[in-house]
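S.K.: Below you will find the structure I want to go over with you.
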Amino acid sequence: MASFPDSVNENEIGKAKFIGELLVPVAPFDQKSGRETWTVAFAPDGSYFAWSQGHRIVRLVPWSKCLKNFGGEGSNRAGRQRLSRQNSEGGTVVPVGEPREHTIDCGDVVWGLAFGSSVPEKQSRCVNIEWHRFKFGQDQLLLATGLNNGRIKIWDVYTGKLLLNLMDHTDIVRDLTFAPDGSLMLVSASRDKTLRVWDLKDDGNMVKVLRSHQYWVYCSAFSPDSSVLCSVGAGKSVFLWDMDKYSLIRKLEGHHNDVVSCEFSPDGALLATASYDTRVIIWDPHVGTSSPPPSPIFAGGANDRWVRSVAFCHDGRHIASIADDRMVRFWTIDEMSPQAIAPLTNGLCCAFSTDGSFLAAGSRDGSVHFWACPKSIASLQHLCRMALRRVMSTQQVQTLPIPPRIRSYLSYQDL
């Protein structure tokens, strides 16, 4: 992937299809800070959507309900859903077995949130397993919220009840991420310059403190197999960690300003990072800075604005970025220019739906906006590449007795 050339006219690029938005009431005092939607998230099974809508409030909404209110993917109309700040369960009869909507008051400004699922079920890494306060079942779905006061609160998604209150950070918990292997291992990234690893199957015991960042830590992300963690932060920092040994693997060099967002591709072969240097960089996390060099996307637009967030689609081919030039951009990993764009004022964060069909983006006014992702049929070659890269590293691919051109394709060196 090459850099985005200045000569490209974004007026000639396709427009992403807007499908709806979730709005919150606006009062006069709401014009002050504290309204920001710093994080949006989809549950791993696609059942729920959650976002921090400002003023200590997190909203949990069944994703099927959102799609129904928006008119569905195939509808030609875009839907608006205005939500009150009160829990919508009062006075509403919800059929047994259907997901319930919850409004959670976290007690402080919410910066980070993440869903954690015990599916597929994996045993805790803790030694003392004879007695636990909580025994999480195979269908457990949790929501972790990172707060302004350094605390992390763990909620039962199905009931909205508080389960755990984790206290050890000394500053804002900026980001949270669960290991995708069902172990309920949680990593928190904080402005206190540390990452902390928590085992929720061991009643939230803190397992390890990861220290290498010299400045604020903005974001972290697990690789699909949960073996590697990427953490990014101020001071151009991009670190890769071995999560079996809790040790630093390497530091990636390439950004020129604070790095604020990161995410692995679904096969773990690529890593996307976004920075205030106006760029998104696509890395090979297995080889770091070695050949080929990291591929930059100048996602800040013609005015070189800060990039706030990046997300990897689950099809392994699309990336979305949000920048301060009031634009959302959809990229493919093998194109020089965006495939589609959409306007967004004061965007802060974004995430793809579990099936990769939609993108959600949060903004400074506490609202969330949704677009349908550009549709394209993945080639058989790409599907085979993803299947292979889920189980083989770049180094292993390089040793395969196959033609160099195929080896280059499987290593994503043709970008």
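Residues are named by chain letter and number: chains run A, B, ... in the order of the structure tokens, numbers start at 1 in each chain, and ligands are numbered from 1 in the order shown.
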Ile319 of chain A: which residues within 8 Å, counting only C-alpha atoms, same-chain residues fewer than 6 positions away excluded, as a list in words?
M.R.: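 In the requested form, the answer reads Val310, Ala311, Phe312, Cys313, Phe330, Trp331, Thr332 and Ile333 of chain A.
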S.K.: Which residue is closest to Val260 of chain A? Choose from A:Ala179, A:Leu164, A:Val287, A:Val217 and count only C-alpha atoms.
M.R.: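 Nearest to Val260 of chain A: A:Val217.
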S.K.: To one decimal in Å, tell me the separation between atom CA of Leu348 of chain A and atom CA of Ser363 of chain A.
M.R.: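 So the answer is 5.2 Å.
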S.K.: Contacts of Pro343 of chain A at 10 Å or less, counting only C-alpha atoms, minus same-chain residues fewer than 6 places along, as a list in words?
M.R.: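 The residues satisfying every condition are Lys15, Ala16, Phe18, Ile322, Asp325, Arg326, Met327, Val328 and Arg329 of chain A.
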S.K.: As a list in words, please: the residues near segment 155-157 of chain A (cut-off 10 Å, only C-alpha atoms, same-chain neighbours under 5 positions excluded).
M.R.: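 Counting only C-alpha atoms, the residues come to Ala43, Tyr48, Ala50, Leu60, Val61, Pro99, Arg100, Glu101, His102, Ile104, Cys106, Phe115, Gly116, Gln140, Leu141, Leu142, Leu143, Ala144, Thr145, Leu162, Leu163, Leu164 and Asn165 of chain A.
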S.K.: Record the distance separating atom CA of Lys236 of chain A and atom CA of His286 of chain A, expressed in Å with one decimal.
M.R.: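 Those two atoms sit 19.4 Å apart.
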S.K.: Could you list, as a PyMOL selection string, every residue within 9 Å of Gly34 of chain A, counting only C-alpha atoms and ignoring same-chain residues fewer than 4 positions away?
M.R.: chain A and resi 30+54-56+109+364-366
S.K.: One number please: atom CA of His169 of chain A to atom CA of Leu229 of chain A, in Å, one decimal.
M.R.: 19.0 Å
S.K.: For Asp175 of chain A, list every protein, DNA or RNA residue within 9 Å, evaluated using only C-alpha atoms, and leave out those in the same chain fewer than 4 positions away; present the list as an MDAnalysis selection string.
M.R.: chainID A and resid 39 111:114 145:146 187:190 217:220
S.K.: For the selection just defined, write its residues with C-alpha atoms to a file, as a compact mmCIF listing (two decimals), in the first residue's frame.
M.R.:
# COMPACT_ATOMS: atom_id res chain seq x y z
CA THR A 39 -15.31 4.49 22.84
CA TRP A 111 -12.93 6.71 28.59
CA GLY A 112 -12.57 3.07 27.64
CA LEU A 113 -14.91 0.11 27.38
CA ALA A 114 -14.71 -3.43 26.05
CA THR A 145 -15.47 0.31 31.68
CA GLY A 146 -12.35 2.43 32.27
CA VAL A 187 -5.62 -5.45 29.61
CA SER A 188 -6.01 -1.82 30.65
CA ALA A 189 -4.04 1.10 29.19
CA SER A 190 -3.65 4.22 31.31
CA VAL A 217 -0.68 4.87 26.90
CA TYR A 218 -3.60 5.50 24.57
CA CYS A 219 -4.67 2.11 23.24
CA SER A 220 -3.92 -1.62 23.18
S.K.: Quick one: residues within 8 Å of Arg250 of chain A, only C-alpha atoms counted, chain neighbours fewer than 4 positions away excluded, as a list in words?
M.R.: Phe239, Leu240, Trp241 and Gly288 of chain A
